[in-house]
Amino acid sequence: MFRNLKNRMLACCFALVVLPFGTGCNTNLADLLDELDLDDIEIIIYNSINTPQTVDPRTGPLPADFGGRGNTIILVDEVVFVDDVSTDLAGVNLPDITLLGFENITGFDIYVEYTVDAVLQSVLVLDGETLLLDYPCIFDLELLLEEDYDPVSGSFIQAFDLTGSIFLNPDDFFCGDAFIITFDPVAIEAGAEAIDLF
């Protein structure tokens, strides 16, 4: 049964990370600040999402009905799969990226097609998990399609046309944000969290 897209909610909130710090005699202050920043950012992000997805959609198993529907996983080369924020973002210039998150609380594995700066992308987000992707700064994002698959059998369940769900920098998020889009059984709550990373 198709969801009424008119009932999909959009929300956006911003959080500023303020970090206290201290140092010892033999500690490089710049390294310590970088480490504290990423550790605190990781805590804030993980407190805002469900379980981080640890399976890269480019290499993980796909639902049984996936290929028969003509689907494929598409991510541009410069996208980095993030399964550990404090490790995978180490050395990254945070103001130059958008950490895009797809949070899945639908009860299904979901295939999502979307464009980033007019380039088609597609991913599989596992049930109960949040897929995090490190993109060079995003300026426009449009959701196109959601397909739901049974997480046990891999059977196709239903599909939703998401065309017109558009999010823009700086209206909905900024360079240097973690922008989390939540898919739930009733609504897409796009931009439920936009977290300032620096």
# chains A, B, ... in the order shown; residues from 1 in each chain; ligands from 1
>>> residues_around(residues="range 90-107 of chain A", least_positions_apart="6", cutoff="6 Å", atoms="only C-alpha atoms", output="PyMOL selection string")
chain A and resi 127-138+175-185
>>> closest_atom_pairs(of="range 83-137 of chain A", to="range 154-159 of chain A", cutoff="12 Å", atoms="only C-alpha atoms", output="tab-separated table")
residue	atom	partner	partner_atom	distance
A:Thr106	CA	A:Gln158	CA	11.8
A:Gly107	CA	A:Ile157	CA	11.2
A:Phe108	CA	A:Ile157	CA	8.6
A:Asp109	CA	A:Gly154	CA	8.3
A:Ile110	CA	A:Ala159	CA	9.4
A:Tyr111	CA	A:Ala159	CA	9.2
A:Val112	CA	A:Ala159	CA	9.9
A:Glu113	CA	A:Ala159	CA	11.2
A:Leu124	CA	A:Gly154	CA	12.0
A:Leu126	CA	A:Gly154	CA	11.2
A:Asp127	CA	A:Gly154	CA	11.6
>>> select_by_dssp(residues="range 39-156 of chain A", states="alpha helix (DSSP H)", output="list in words")
Asp39, Asp40, Ile41, Glu42, Ile43, Ile44, Ile45, Tyr46, Asn47, Ser48, Val85, Ser86, Thr87 and Asp88 of chain A
>>> residues_around(residues="Val116 in chain A", least_positions_apart="3", cutoff="9 Å", atoms="only C-alpha atoms", output="PyMOL selection string")
chain A and resi 119-121+138-142
>>> write_last_selection(atoms="N, CA and C atoms", output="mmCIF file, in the first residue's frame")
data_model
loop_
_atom_site.group_PDB
_atom_site.id
_atom_site.type_symbol
_atom_site.label_atom_id
_atom_site.label_comp_id
_atom_site.auth_asym_id
_atom_site.auth_seq_id
_atom_site.Cartn_x
_atom_site.Cartn_y
_atom_site.Cartn_z
ATOM 1 N N VAL A 119 23.485 14.476 -9.947
ATOM 2 C CA VAL A 119 24.094 13.202 -10.328
ATOM 3 C C VAL A 119 23.347 12.072 -9.612
ATOM 4 N N LEU A 120 22.868 11.086 -10.375
ATOM 5 C CA LEU A 120 22.105 9.981 -9.816
ATOM 6 C C LEU A 120 22.957 9.128 -8.878
ATOM 7 N N GLN A 121 22.392 8.790 -7.717
ATOM 8 C CA GLN A 121 23.023 7.914 -6.734
ATOM 9 C C GLN A 121 21.954 6.920 -6.263
ATOM 10 N N ILE A 138 27.681 19.152 -0.449
ATOM 11 C CA ILE A 138 26.493 19.009 -1.303
ATOM 12 C C ILE A 138 25.774 20.351 -1.383
ATOM 13 N N PHE A 139 25.282 20.681 -2.577
ATOM 14 C CA PHE A 139 24.510 21.910 -2.750
ATOM 15 C C PHE A 139 23.038 21.651 -3.020
ATOM 16 N N ASP A 140 22.706 20.533 -3.664
ATOM 17 C CA ASP A 140 21.292 20.170 -3.756
ATOM 18 C C ASP A 140 21.148 18.662 -3.761
ATOM 19 N N LEU A 141 20.088 18.221 -3.120
ATOM 20 C CA LEU A 141 19.798 16.802 -2.946
ATOM 21 C C LEU A 141 18.323 16.590 -3.240
ATOM 22 N N GLU A 142 18.010 15.606 -4.079
ATOM 23 C CA GLU A 142 16.606 15.271 -4.343
ATOM 24 C C GLU A 142 16.407 13.772 -4.182
#
>>> residues_around(residues="Asp56 in chain A", least_positions_apart="3", cutoff="10 Å", atoms="only C-alpha atoms", output="VMD selection string")
chain A and resid 53 59 to 61 80 to 83 123 to 125 131 to 133
>>> closest_residue(among="A:Glu42, A:Asp77, A:Leu168, A:Ser48", to="Leu89 in chain A", atoms="only C-alpha atoms")
A:Glu42
>>> atom_distance(atom1="CA of Ile45 in chain A", atom2="CA of Asp161 in chain A")
28.2 Å
>>> atom_distance(atom1="CA of Asn71 in chain A", atom2="CA of Thr115 in chain A")
15.2 Å
>>> residues_around(residues="Ile44 in chain A", least_positions_apart="4", cutoff="9 Å", atoms="only C-alpha atoms", output="tab-separated table (two decimals) with C-alpha atoms, in the first residue's frame")
chain	number	residue	atom	x	y	z
A	17	VAL	CA	29.12	21.50	19.10
A	39	ASP	CA	34.97	11.87	19.48
A	40	ASP	CA	32.35	14.42	20.57
A	48	SER	CA	20.80	11.22	17.00
A	195	ILE	CA	24.43	18.75	12.88
>>> closest_residue(among="A:Leu145, A:Leu38, A:Leu75, A:Ile49", to="Ala194 in chain A", atoms="only C-alpha atoms")
A:Ile49
